[in-house]
file data_9.txt (compact mmCIF, C-alpha atoms)
# COMPACT_ATOMS: atom_id res chain seq x y z
CA MET A 165 0.00 0.00 0.00
CA THR A 166 1.29 3.45 -0.94
CA PRO A 167 1.85 5.58 2.19
CA VAL A 168 -0.21 8.75 2.55
CA PRO A 169 1.92 11.90 2.98
CA PRO A 170 1.09 14.09 5.98
CA PRO A 171 -0.38 17.57 5.38
CA ALA A 172 1.88 20.62 5.34
CA ARG A 173 2.58 22.43 8.57
CA LYS A 174 2.44 26.18 8.14
CA HIS A 175 4.61 26.97 11.17
CA LEU A 176 7.43 24.96 9.57
CA GLY A 177 7.10 26.84 6.30
CA GLN A 178 6.27 23.67 4.39
CA ASN A 179 5.57 24.14 0.68
CA PHE A 180 6.23 20.87 -1.12
CA LEU A 181 7.72 20.86 -4.62
CA VAL A 182 5.45 18.91 -6.99
CA ASP A 183 6.66 19.94 -10.45
CA PRO A 184 8.77 17.13 -12.00
CA ASN A 185 10.23 19.52 -14.56
CA ILE A 186 11.66 21.73 -11.81
CA VAL A 187 13.03 18.65 -10.05
CA ARG A 188 14.76 17.63 -13.28
CA LYS A 189 16.25 21.12 -13.76
CA ILE A 190 17.58 21.20 -10.19
CA VAL A 191 19.25 17.81 -10.53
CA GLU A 192 20.75 18.80 -13.89
CA ALA A 193 22.06 22.05 -12.42
CA ALA A 194 23.74 20.16 -9.59
CA ALA A 195 25.71 18.08 -12.15
CA LEU A 196 26.21 15.27 -9.65
CA THR A 197 28.51 12.32 -10.26
CA SER A 198 27.87 8.72 -9.29
CA GLU A 199 30.54 8.93 -6.55
CA GLU A 200 29.41 12.02 -4.65
CA THR A 201 27.72 12.51 -1.30
CA VAL A 202 24.80 14.94 -1.34
CA LEU A 203 23.22 16.69 1.63
CA GLU A 204 19.55 17.58 1.28
CA ILE A 205 18.04 19.90 3.89
CA GLY A 206 14.28 19.55 4.30
CA PRO A 207 13.42 16.66 1.96
CA GLY A 208 9.72 17.15 2.60
CA ARG A 209 7.77 14.48 0.73
CA GLY A 210 10.85 13.18 -1.03
CA VAL A 211 10.25 14.15 -4.66
CA LEU A 212 13.69 15.70 -5.04
CA THR A 213 15.22 13.11 -2.70
CA ARG A 214 14.27 10.22 -4.96
CA ALA A 215 15.72 12.00 -7.99
CA LEU A 216 18.99 12.62 -6.12
CA CYS A 217 19.21 8.99 -5.03
CA ALA A 218 18.92 7.94 -8.67
CA VAL A 219 22.05 9.79 -9.79
CA THR A 220 24.58 9.72 -6.96
CA ARG A 221 26.19 7.34 -4.49
CA ARG A 222 24.92 8.67 -1.17
CA VAL A 223 22.20 11.07 -0.10
CA GLN A 224 22.05 12.37 3.47
CA ALA A 225 18.71 14.04 4.15
CA VAL A 226 17.90 16.03 7.29
CA GLU A 227 14.21 16.53 8.13
CA ILE A 228 12.92 18.23 11.28
CA ASP A 229 9.31 16.99 11.02
CA PRO A 230 8.91 13.52 12.61
CA ARG A 231 5.73 12.88 10.60
CA LEU A 232 7.60 13.39 7.34
CA CYS A 233 10.49 11.24 8.54
CA ALA A 234 8.09 8.37 9.19
CA TYR A 235 6.52 8.88 5.77
CA LEU A 236 9.88 9.05 3.97
CA ARG A 237 11.18 5.88 5.62
CA GLU A 238 8.26 4.03 4.08
CA ALA A 239 7.92 5.89 0.79
CA LEU A 240 11.64 5.75 -0.02
CA ALA A 241 12.36 2.30 1.40
CA ASP A 242 13.54 1.29 -2.08
CA CYS A 243 16.38 3.85 -2.01
CA PRO A 244 19.23 2.01 -0.27
CA ASN A 245 21.65 4.94 -0.68
CA LEU A 246 19.47 7.28 1.37
CA GLU A 247 20.47 8.13 4.94
CA LEU A 248 17.59 9.95 6.63
CA TYR A 249 18.18 11.94 9.81
CA GLU A 250 15.46 13.42 11.99
CA GLY A 251 16.62 16.73 13.39
CA ASP A 252 17.24 20.43 12.96
CA ALA A 253 19.62 21.26 10.10
CA LEU A 254 20.80 24.32 12.03
CA HIS A 255 22.45 21.91 14.49
CA TRP A 256 23.25 18.94 12.27
CA PRO A 257 27.03 18.22 12.30
CA LEU A 258 28.14 19.47 8.90
CA ASP A 259 31.76 18.74 9.82
CA GLN A 260 30.94 15.02 9.44
CA LEU A 261 30.28 15.38 5.73
CA PRO A 262 32.92 13.86 3.42
CA GLN A 263 35.22 16.32 1.67
CA GLU A 264 33.83 17.78 -1.56
CA SER A 265 30.21 17.02 -0.69
CA ALA A 266 27.41 18.87 -2.48
CA VAL A 267 24.24 20.40 -1.08
CA VAL A 268 20.99 20.26 -3.05
CA ALA A 269 17.89 21.49 -1.26
CA ASN A 270 14.65 23.41 -1.25
CA LEU A 271 15.51 25.43 1.86
CA PRO A 272 12.76 26.39 4.32
CA TYR A 273 12.29 30.07 3.51
CA TYR A 274 11.91 31.22 7.10
CA LEU A 275 15.35 29.74 7.89
CA SER A 276 17.12 30.34 4.60
CA THR A 277 19.58 33.00 5.82
CA PRO A 278 20.91 31.15 8.90
CA LEU A 279 21.09 27.92 6.88
CA LEU A 280 23.04 29.64 4.12
CA LEU A 281 25.49 31.10 6.64
CA ARG A 282 25.99 27.64 8.16
CA LEU A 283 26.74 26.21 4.72
CA LEU A 284 29.25 28.96 4.05
CA ASP A 285 31.00 28.23 7.34
CA ALA A 286 31.19 24.56 6.31
CA ARG A 287 32.65 25.30 2.87
CA PRO A 288 35.92 23.41 3.58
CA ARG A 289 33.68 20.31 3.31
CA LEU A 290 31.57 21.49 0.39
CA SER A 291 32.27 21.89 -3.31
CA ARG A 292 28.98 23.57 -4.21
CA ALA A 293 25.36 24.07 -3.30
CA VAL A 294 22.26 24.27 -5.48
CA VAL A 295 19.39 25.60 -3.40
CA MET A 296 15.90 26.95 -3.88
CA LEU A 297 15.17 30.22 -2.08
CA GLN A 298 12.62 32.97 -2.01
CA ALA A 299 13.35 35.01 -5.15
CA GLU A 300 13.90 38.17 -3.11
CA VAL A 301 16.64 36.47 -1.10
CA ALA A 302 18.20 35.01 -4.24
CA HIS A 303 18.61 38.51 -5.70
CA ARG A 304 20.30 39.68 -2.50
CA LEU A 305 22.95 36.97 -2.85
CA VAL A 306 24.14 38.28 -6.21
CA ALA A 307 23.50 42.00 -5.66
CA ARG A 308 26.35 44.37 -6.52
CA PRO A 309 27.60 47.25 -4.37
CA GLY A 310 25.55 50.41 -4.75
CA THR A 311 22.26 48.59 -5.39
CA LYS A 312 19.28 48.42 -3.04
CA ASP A 313 19.54 44.63 -2.60
CA TYR A 314 23.21 44.71 -1.57
CA GLY A 315 23.70 44.00 2.13
CA SER A 316 25.57 41.95 4.70
CA LEU A 317 24.24 38.68 3.23
CA SER A 318 25.53 39.71 -0.20
CA VAL A 319 28.99 40.32 1.25
CA ALA A 320 29.07 37.04 3.18
CA VAL A 321 27.95 34.95 0.22
CA GLN A 322 30.18 36.65 -2.36
CA ARG A 323 33.25 36.39 -0.13
CA ALA A 324 32.73 32.67 0.38
CA SER A 325 31.37 31.55 -2.98
CA GLU A 326 30.54 32.39 -6.57
CA PRO A 327 26.73 32.74 -6.56
CA ARG A 328 24.52 32.56 -9.66
CA VAL A 329 20.75 32.76 -9.99
CA LEU A 330 19.87 29.90 -12.35
CA PHE A 331 16.11 30.19 -12.87
CA ARG A 332 12.88 31.34 -11.26
CA VAL A 333 10.18 28.98 -10.02
CA SER A 334 6.47 29.77 -10.05
CA PRO A 335 4.34 29.35 -6.92
CA ASN A 336 2.29 26.88 -8.99
CA SER A 337 5.16 24.38 -8.67
CA PHE A 338 4.34 23.83 -4.98
CA ARG A 339 1.59 22.47 -2.78
CA PRO A 340 0.43 24.34 -0.84
CA ARG A 341 1.07 27.29 -3.11
CA PRO A 342 3.41 29.88 -1.50
CA GLU A 343 2.66 33.59 -1.72
CA VAL A 344 6.08 34.43 -3.22
CA ASP A 345 8.12 33.51 -6.27
CA SER A 346 11.15 31.28 -5.81
CA ALA A 347 14.51 30.95 -7.51
CA VAL A 348 17.19 28.30 -7.75
CA VAL A 349 20.72 29.49 -6.98
CA SER A 350 24.09 27.81 -7.36
CA LEU A 351 26.97 28.56 -5.00
CA THR A 352 30.43 27.40 -6.03
CA MET A 353 32.41 27.42 -2.82
CA CYS A 354 35.70 29.33 -2.53
CA ARG A 355 38.49 28.57 -0.10
CA SER A 356 39.22 31.44 2.26
CA THR A 357 42.55 33.22 1.84
CA LEU A 358 42.18 34.95 5.22
CA SER A 359 43.33 33.71 8.59
CA VAL A 360 40.82 32.72 11.24
CA GLU A 361 41.50 35.98 13.08
CA VAL A 362 40.99 38.14 9.99
CA GLU A 363 37.78 36.24 9.17
CA ARG A 364 36.51 37.02 12.66
CA VAL A 365 37.33 40.72 12.26
CA CYS A 366 35.73 40.80 8.82
CA GLN A 367 32.48 39.31 10.10
CA ARG A 368 32.41 41.86 12.93
CA LEU A 369 33.18 44.66 10.48
CA VAL A 370 30.42 43.74 8.03
CA ARG A 371 27.88 43.26 10.81
CA SER A 372 28.73 46.64 12.35
CA ALA A 373 28.87 48.51 9.03
CA PHE A 374 25.40 47.37 7.98
CA ALA A 375 23.88 47.77 11.46
CA HIS A 376 23.00 51.38 10.57
CA ARG A 377 22.57 51.11 6.83
CA ARG A 378 21.91 54.77 6.05
CA LYS A 379 24.92 56.01 8.03
CA ARG A 380 28.48 56.29 6.83
CA VAL A 381 30.59 53.27 7.69
CA VAL A 382 32.79 55.17 10.17
CA ASN A 383 29.74 56.55 11.98
CA SER A 384 28.11 53.14 12.11
CA LEU A 385 31.26 51.61 13.60
CA ARG A 386 31.36 54.37 16.21
CA ASP A 387 27.76 53.56 17.18
CA GLU A 388 28.72 49.87 17.44
CA GLY A 389 31.50 50.59 19.92
CA TRP A 390 34.61 50.43 17.75
CA SER A 391 37.68 52.22 19.13
CA ALA A 392 38.89 55.53 17.73
CA GLU A 393 42.08 53.83 16.49
CA GLU A 394 40.15 51.15 14.65
CA ILE A 395 37.83 53.71 13.07
CA ASP A 396 40.80 55.74 11.91
CA LEU A 397 42.25 52.62 10.22
CA VAL A 398 38.93 52.03 8.49
CA ARG A 399 38.76 55.67 7.37
CA GLN A 400 42.23 55.39 5.84
CA ALA A 401 41.34 52.12 4.08
CA LEU A 402 38.22 53.71 2.56
CA ALA A 403 40.26 56.50 0.95
CA PRO A 404 39.86 58.37 -1.31
CA ARG A 405 36.16 58.16 -0.31
CA PRO A 406 36.11 57.66 3.46
CA ASP A 407 32.52 58.93 3.72
CA ARG A 408 30.99 55.87 2.04
CA ARG A 409 28.07 53.87 3.37
CA ALA A 410 28.33 50.09 3.78
CA GLU A 411 26.29 49.47 0.62
CA GLU A 412 29.06 51.18 -1.39
CA VAL A 413 31.89 48.95 -0.13
CA SER A 414 32.73 45.79 -2.07
CA PRO A 415 33.36 42.37 -0.48
CA ALA A 416 37.05 42.59 -1.44
CA GLU A 417 37.34 45.99 0.26
CA PHE A 418 35.77 44.64 3.45
CA ALA A 419 38.40 41.87 3.46
CA ASP A 420 41.21 44.39 2.92
CA ILE A 421 39.95 46.61 5.76
CA ALA A 422 39.69 43.56 8.06
CA ASN A 423 43.31 42.68 7.25
CA ARG A 424 44.44 46.15 8.34
CA VAL A 425 42.42 46.10 11.55
CA ALA A 426 43.54 42.57 12.45
CA ALA A 427 47.19 43.49 11.84
CA TRP A 428 46.85 46.52 14.14
CA THR A 429 45.04 44.45 16.77
CA GLY A 430 47.79 41.84 16.71
CA ALA A 431 50.54 44.45 16.92
CA THR A 432 48.94 46.28 19.87
CA GLY A 433 47.57 43.27 21.69
CA SER A 434 44.11 44.82 21.67
CA ASP A 435 41.23 42.39 22.25
CA GLN A 436 38.47 44.71 21.02
call {"tool": "encode", "arguments": {"input": "data_9.txt", "output": "C-alpha cells"}}
result
Amino acid sequence: MTPVPPPARKHLGQNFLVDPNIVRKIVEAAALTSEETVLEIGPGRGVLTRALCAVTRRVQAVEIDPRLCAYLREALADCPNLELYEGDALHWPLDQLPQESAVVANLPYYLSTPLLLRLLDARPRLSRAVVMLQAEVAHRLVARPGTKDYGSLSVAVQRASEPRVLFRVSPNSFRPRPEVDSAVVSLTMCRSTLSVEVERVCQRLVRSAFAHRRKRVVNSLRDEGWSAEEIDLVRQALAPRPDRRAEEVSPAEFADIANRVAAWTGATGSDQ
C-alpha cells in the first residue's frame, strides 16, 4: 500500500515541490557524479530526494518533522543509498560530511539565511550548493555594491562563494502554493585566503557597518563601539572616499579593511 503523505505544517514553512520539470532542472544544475555525497536539507515528501538517489552514491537528508520522517522511511524504502536523519539542520554536524560534498535542497524560507550562513561556514567540506530560495533572497545573494539589494548577506555569500541565480520557479510548482516567487541558486564554494582571526574581524566589520545602513561606515562603527584607532584605520582604508556607506563597499574591500584592523590588533595586543 502506498503511504499517505502528511499535510503541510504552516509553522514549519512547508511548501512541497510537486513539479517534476523543476526537479529535473535542479538535478541537472547540480551536475552530480555517481561517486558524490549529497546533503539535502528539508526533503519534505521526497520528490527531489528520490531524484537525487537515482544519480549519486549517497544522499544524506535532514528533516525536522517527525511525521515526514516516518513517511519518507516508508515511501523511499527502495532507495538504499538514502540516509535519513530526523533533526534540525541548524544543528546537524556538517563537519561530518565527506570532503567535496554537495548540497541540493529546497531550503525552508523562514530559515534560509541562517542555513546559508551555516553552509558557508562549512565550505571546507563542500564543493557547491544548489538551493531553492525565495526570489527576493536570491537577488540579494548576487547584488552588486551600490544597489538596493546589496547588504551583509551579499557580502558574506560573495566572499565565500561564486553565486549565480539559475532560474525562477512559479508558486504553482508547490503544494500548498506559496505567496512568493522562488529561484534556484548555485553557490560554487571558494576557499578562504584569510586567517581565522581576519575572518573574525571581517564578520564583525560587516555586521557593524550594515547595522545602521543609512549612516556612513565610520559613523556606524562608532555607534557599534569600535575604538577611535580602529575607526581611523577604516577611514584610511576607505580612501579616497572615506565617507561611504556600507552598501558602497565591495566584499574585497571589506576583506582588505579587516586585514588592516587585524594586523593593528595583533601588533597592539588589543582584544576589542
call {"tool": "closest_residue", "arguments": {"input": "data_9.txt", "among": "A:Arg380, A:Ala266, A:Asp229, A:Asp242", "to": "Val295 of chain A", "atoms": "all atoms listed in the file"}}
result
A:Ala266
call {"tool": "residues_near_point", "arguments": {"input": "data_9.txt", "point": "(29.8, 28.7, -5.3)", "cutoff": "10 Å", "atoms": "all atoms listed in the file", "output": "MDAnalysis selection string"}}
result
chainID A and resid 284 287 290:294 321:328 349:354
call {"tool": "atom_distance", "arguments": {"input": "data_9.txt", "atom1": "atom CA of Pro288 of chain A", "atom2": "atom CA of Val202 of chain A"}}
result
14.8 Å
call {"tool": "atom_distance", "arguments": {"input": "data_9.txt", "atom1": "atom CA of Cys243 of chain A", "atom2": "atom CA of Ala225 of chain A"}}
result
12.1 Å
call {"tool": "atom_distance", "arguments": {"input": "data_9.txt", "atom1": "atom CA of Ala234 of chain A", "atom2": "atom CA of Glu250 of chain A"}}
result
9.4 Å
call {"tool": "closest_residue", "arguments": {"input": "data_9.txt", "among": "A:Thr277, A:Gln298, A:Asn185, A:Thr220", "to": "Val329 of chain A", "atoms": "all atoms listed in the file"}}
result
A:Gln298
call {"tool": "closest_atom_pairs", "arguments": {"input": "data_9.txt", "of": "segment 285-367 of chain A", "to": "segment 271-274 of chain A", "cutoff": "12 Å", "atoms": "only C-alpha atoms", "output": "tab-separated table"}}
result
residue	atom	partner	partner_atom	distance
A:Ala293	CA	A:Leu271	CA	11.2
A:Val294	CA	A:Leu271	CA	10.0
A:Val295	CA	A:Leu271	CA	6.5
A:Met296	CA	A:Leu271	CA	6.0
A:Leu297	CA	A:Leu271	CA	6.2
A:Gln298	CA	A:Tyr273	CA	6.2
A:Ala299	CA	A:Tyr273	CA	10.0
A:Glu300	CA	A:Tyr273	CA	10.6
A:Val301	CA	A:Tyr273	CA	9.0
A:Ala302	CA	A:Tyr273	CA	10.9
A:Pro342	CA	A:Tyr273	CA	10.2
A:Glu343	CA	A:Tyr273	CA	11.5
A:Val344	CA	A:Tyr273	CA	10.1
A:Asp345	CA	A:Tyr273	CA	11.2
A:Ser346	CA	A:Tyr273	CA	9.5
A:Ala347	CA	A:Leu271	CA	10.9
A:Val348	CA	A:Leu271	CA	10.2
A:Val349	CA	A:Leu271	CA	11.0
call {"tool": "closest_atom_pairs", "arguments": {"input": "data_9.txt", "of": "segment 316-381 of chain A", "to": "segment 419-429 of chain A", "cutoff": "7 Å", "atoms": "only C-alpha atoms", "output": "tab-separated table"}}
result
residue	atom	partner	partner_atom	distance
A:Glu361	CA	A:Ala426	CA	6.9
A:Val362	CA	A:Ala426	CA	5.7
A:Val365	CA	A:Ala422	CA	5.6
A:Cys366	CA	A:Ala422	CA	4.9
call {"tool": "axis_aligned_box", "arguments": {"input": "data_9.txt", "around": "segment 253-271 of chain A", "padding_each_side": "5 Å", "output": "lines of an AutoDock Vina configuration file"}}
result
center_x = 24.9
center_y = 19.6
center_z = 5.7
size_x = 30.6
size_y = 21.6
size_z = 27.5
call {"tool": "residues_around", "arguments": {"input": "data_9.txt", "residues": "Thr166 of chain A", "least_positions_apart": "2", "cutoff": "10 Å", "atoms": "only C-alpha atoms", "output": "list in words"}}
result
Val168, Pro169, Glu238 and Ala239 of chain A
call {"tool": "closest_atom_pairs", "arguments": {"input": "data_9.txt", "of": "segment 295-347 of chain A", "to": "segment 401-417 of chain A", "cutoff": "8 Å", "atoms": "all atoms listed in the file", "output": "Markdown table"}}
result
| residue | atom | partner | partner_atom | distance |
| --- | --- | --- | --- | --- |
| A:Arg308 | CA | A:Ser414 | CA | 7.9 |
| A:Pro309 | CA | A:Glu412 | CA | 5.1 |
| A:Gly310 | CA | A:Glu412 | CA | 4.9 |
| A:Thr311 | CA | A:Glu411 | CA | 7.3 |
| A:Lys312 | CA | A:Glu411 | CA | 8.0 |
| A:Tyr314 | CA | A:Glu411 | CA | 6.1 |
| A:Gly315 | CA | A:Glu411 | CA | 6.2 |
| A:Val319 | CA | A:Pro415 | CA | 5.1 |
| A:Ala320 | CA | A:Pro415 | CA | 7.8 |
| A:Gln322 | CA | A:Pro415 | CA | 6.8 |
| A:Arg323 | CA | A:Pro415 | CA | 6.0 |
call {"tool": "residues_around", "arguments": {"input": "data_9.txt", "residues": "segment 203-211 of chain A", "least_positions_apart": "5", "cutoff": "6 Å", "atoms": "all atoms listed in the file", "output": "list in words"}}
result
Val223, Gln224, Ala225, Val226, Glu227, Val267, Val268 and Ala269 of chain A
call {"tool": "closest_residue", "arguments": {"input": "data_9.txt", "among": "A:Glu247, A:Asp396, A:Asp252, A:Glu192", "to": "Ile228 of chain A", "atoms": "all atoms listed in the file"}}
result
A:Asp252
call {"tool": "closest_residue", "arguments": {"input": "data_9.txt", "among": "A:Arg237, A:Arg289, A:Lys189, A:Arg231", "to": "Leu216 of chain A", "atoms": "all atoms listed in the file"}}
result
A:Lys189
call {"tool": "closest_atom_pairs", "arguments": {"input": "data_9.txt", "of": "segment 318-395 of chain A", "to": "segment 173-184 of chain A", "cutoff": "9 Å", "atoms": "all atoms listed in the file", "output": "tab-separated table"}}
result
residue	atom	partner	partner_atom	distance
A:Asn336	CA	A:Asp183	CA	8.3
A:Ser337	CA	A:Asp183	CA	5.0
A:Phe338	CA	A:Leu181	CA	4.5
A:Arg339	CA	A:Phe180	CA	5.2
A:Pro340	CA	A:Asn179	CA	5.4
A:Arg341	CA	A:Asn179	CA	6.7
A:Pro342	CA	A:Asn179	CA	6.5
call {"tool": "closest_residue", "arguments": {"input": "data_9.txt", "among": "A:Gln367, A:Glu199, A:Ala194, A:Arg188", "to": "Ala215 of chain A", "atoms": "only C-alpha atoms"}}
result
A:Arg188
call {"tool": "closest_residue", "arguments": {"input": "data_9.txt", "among": "A:Glu393, A:Asp285, A:Asp387, A:Asp313", "to": "Arg364 of chain A", "atoms": "only C-alpha atoms"}}
result
A:Asp285
call {"tool": "residues_around", "arguments": {"input": "data_9.txt", "residues": "Ala218 of chain A", "least_positions_apart": "4", "cutoff": "10 Å", "atoms": "only C-alpha atoms", "output": "PDB file with C-alpha atoms, keeping the file's coordinate frame"}}
result
ATOM      1  CA  SER A 198      27.870   8.720  -9.290  1.00  0.00           C
ATOM      2  CA  THR A 213      15.220  13.110  -2.700  1.00  0.00           C
ATOM      3  CA  ARG A 214      14.270  10.220  -4.960  1.00  0.00           C
ATOM      4  CA  ARG A 222      24.920   8.670  -1.170  1.00  0.00           C
ATOM      5  CA  VAL A 223      22.200  11.070  -0.100  1.00  0.00           C
ATOM      6  CA  CYS A 243      16.380   3.850  -2.010  1.00  0.00           C
ATOM      7  CA  ASN A 245      21.650   4.940  -0.680  1.00  0.00           C
TER       8      ASN A 245
END
call {"tool": "decode", "arguments": {"input": "data_9.txt", "residues": "segment 181-203 of chain A", "atoms": "N, CA, C and O atoms", "output": "PDB file, in the first residue's frame"}}
result
ATOM      1  N   LEU A 181       7.500  20.798  -3.181  1.00  0.00           N
ATOM      2  CA  LEU A 181       7.716  20.858  -4.619  1.00  0.00           C
ATOM      3  C   LEU A 181       7.006  19.681  -5.283  1.00  0.00           C
ATOM      4  O   LEU A 181       7.186  18.526  -4.881  1.00  0.00           O
ATOM      5  N   VAL A 182       6.206  19.967  -6.309  1.00  0.00           N
ATOM      6  CA  VAL A 182       5.447  18.909  -6.991  1.00  0.00           C
ATOM      7  C   VAL A 182       5.692  18.886  -8.494  1.00  0.00           C
ATOM      8  O   VAL A 182       5.182  18.002  -9.180  1.00  0.00           O
ATOM      9  N   ASP A 183       6.446  19.823  -9.010  1.00  0.00           N
ATOM     10  CA  ASP A 183       6.656  19.937 -10.453  1.00  0.00           C
ATOM     11  C   ASP A 183       7.856  19.088 -10.877  1.00  0.00           C
ATOM     12  O   ASP A 183       9.003  19.425 -10.555  1.00  0.00           O
ATOM     13  N   PRO A 184       7.640  17.995 -11.612  1.00  0.00           N
ATOM     14  CA  PRO A 184       8.767  17.132 -11.997  1.00  0.00           C
ATOM     15  C   PRO A 184       9.761  17.819 -12.917  1.00  0.00           C
ATOM     16  O   PRO A 184      10.955  17.475 -12.921  1.00  0.00           O
ATOM     17  N   ASN A 185       9.311  18.804 -13.680  1.00  0.00           N
ATOM     18  CA  ASN A 185      10.229  19.520 -14.556  1.00  0.00           C
ATOM     19  C   ASN A 185      11.227  20.350 -13.761  1.00  0.00           C
ATOM     20  O   ASN A 185      12.414  20.423 -14.104  1.00  0.00           O
ATOM     21  N   ILE A 186      10.758  20.957 -12.674  1.00  0.00           N
ATOM     22  CA  ILE A 186      11.658  21.729 -11.809  1.00  0.00           C
ATOM     23  C   ILE A 186      12.633  20.794 -11.099  1.00  0.00           C
ATOM     24  O   ILE A 186      13.821  21.102 -10.958  1.00  0.00           O
ATOM     25  N   VAL A 187      12.147  19.643 -10.666  1.00  0.00           N
ATOM     26  CA  VAL A 187      13.030  18.650 -10.049  1.00  0.00           C
ATOM     27  C   VAL A 187      14.147  18.269 -11.022  1.00  0.00           C
ATOM     28  O   VAL A 187      15.331  18.225 -10.664  1.00  0.00           O
ATOM     29  N   ARG A 188      13.765  18.001 -12.268  1.00  0.00           N
ATOM     30  CA  ARG A 188      14.761  17.631 -13.283  1.00  0.00           C
ATOM     31  C   ARG A 188      15.790  18.739 -13.474  1.00  0.00           C
ATOM     32  O   ARG A 188      16.993  18.483 -13.553  1.00  0.00           O
ATOM     33  N   LYS A 189      15.331  19.994 -13.539  1.00  0.00           N
ATOM     34  CA  LYS A 189      16.247  21.118 -13.765  1.00  0.00           C
ATOM     35  C   LYS A 189      17.199  21.297 -12.584  1.00  0.00           C
ATOM     36  O   LYS A 189      18.383  21.625 -12.770  1.00  0.00           O
ATOM     37  N   ILE A 190      16.713  21.079 -11.366  1.00  0.00           N
ATOM     38  CA  ILE A 190      17.577  21.203 -10.193  1.00  0.00           C
ATOM     39  C   ILE A 190      18.667  20.136 -10.221  1.00  0.00           C
ATOM     40  O   ILE A 190      19.848  20.417  -9.992  1.00  0.00           O
ATOM     41  N   VAL A 191      18.271  18.910 -10.502  1.00  0.00           N
ATOM     42  CA  VAL A 191      19.246  17.812 -10.534  1.00  0.00           C
ATOM     43  C   VAL A 191      20.263  18.037 -11.650  1.00  0.00           C
ATOM     44  O   VAL A 191      21.473  17.821 -11.466  1.00  0.00           O
ATOM     45  N   GLU A 192      19.821  18.502 -12.797  1.00  0.00           N
ATOM     46  CA  GLU A 192      20.748  18.797 -13.894  1.00  0.00           C
ATOM     47  C   GLU A 192      21.715  19.913 -13.508  1.00  0.00           C
ATOM     48  O   GLU A 192      22.910  19.856 -13.815  1.00  0.00           O
ATOM     49  N   ALA A 193      21.210  20.936 -12.832  1.00  0.00           N
ATOM     50  CA  ALA A 193      22.063  22.050 -12.425  1.00  0.00           C
ATOM     51  C   ALA A 193      23.128  21.612 -11.424  1.00  0.00           C
ATOM     52  O   ALA A 193      24.241  22.148 -11.413  1.00  0.00           O
ATOM     53  N   ALA A 194      22.790  20.634 -10.593  1.00  0.00           N
ATOM     54  CA  ALA A 194      23.741  20.155  -9.588  1.00  0.00           C
ATOM     55  C   ALA A 194      24.892  19.376 -10.216  1.00  0.00           C
ATOM     56  O   ALA A 194      25.975  19.289  -9.623  1.00  0.00           O
ATOM     57  N   ALA A 195      24.668  18.809 -11.413  1.00  0.00           N
ATOM     58  CA  ALA A 195      25.713  18.082 -12.154  1.00  0.00           C
ATOM     59  C   ALA A 195      26.435  17.076 -11.262  1.00  0.00           C
ATOM     60  O   ALA A 195      27.668  17.047 -11.170  1.00  0.00           O
ATOM     61  N   LEU A 196      25.663  16.227 -10.599  1.00  0.00           N
ATOM     62  CA  LEU A 196      26.213  15.266  -9.650  1.00  0.00           C
ATOM     63  C   LEU A 196      26.867  14.091 -10.380  1.00  0.00           C
ATOM     64  O   LEU A 196      26.444  13.696 -11.464  1.00  0.00           O
ATOM     65  N   THR A 197      27.884  13.532  -9.739  1.00  0.00           N
ATOM     66  CA  THR A 197      28.511  12.321 -10.259  1.00  0.00           C
ATOM     67  C   THR A 197      28.034  11.117  -9.454  1.00  0.00           C
ATOM     68  O   THR A 197      27.439  11.272  -8.375  1.00  0.00           O
ATOM     69  N   SER A 198      28.326   9.951  -9.943  1.00  0.00           N
ATOM     70  CA  SER A 198      27.874   8.722  -9.287  1.00  0.00           C
ATOM     71  C   SER A 198      28.665   8.404  -8.029  1.00  0.00           C
ATOM     72  O   SER A 198      28.341   7.446  -7.320  1.00  0.00           O
ATOM     73  N   GLU A 199      29.705   9.201  -7.715  1.00  0.00           N
ATOM     74  CA  GLU A 199      30.541   8.926  -6.546  1.00  0.00           C
ATOM     75  C   GLU A 199      30.377   9.949  -5.432  1.00  0.00           C
ATOM     76  O   GLU A 199      31.040   9.860  -4.410  1.00  0.00           O
ATOM     77  N   GLU A 200      29.505  10.920  -5.617  1.00  0.00           N
ATOM     78  CA  GLU A 200      29.410  12.021  -4.647  1.00  0.00           C
ATOM     79  C   GLU A 200      28.456  11.718  -3.499  1.00  0.00           C
ATOM     80  O   GLU A 200      27.539  10.893  -3.617  1.00  0.00           O
ATOM     81  N   THR A 201      28.667  12.460  -2.410  1.00  0.00           N
ATOM     82  CA  THR A 201      27.718  12.507  -1.299  1.00  0.00           C
ATOM     83  C   THR A 201      26.965  13.828  -1.384  1.00  0.00           C
ATOM     84  O   THR A 201      27.577  14.883  -1.576  1.00  0.00           O
ATOM     85  N   VAL A 202      25.651  13.751  -1.245  1.00  0.00           N
ATOM     86  CA  VAL A 202      24.796  14.935  -1.339  1.00  0.00           C
ATOM     87  C   VAL A 202      24.047  15.115  -0.026  1.00  0.00           C
ATOM     88  O   VAL A 202      23.489  14.156   0.515  1.00  0.00           O
ATOM     89  N   LEU A 203      24.028  16.349   0.469  1.00  0.00           N
ATOM     90  CA  LEU A 203      23.217  16.694   1.631  1.00  0.00           C
ATOM     91  C   LEU A 203      21.964  17.401   1.141  1.00  0.00           C
ATOM     92  O   LEU A 203      22.052  18.392   0.402  1.00  0.00           O
TER      93      LEU A 203
END
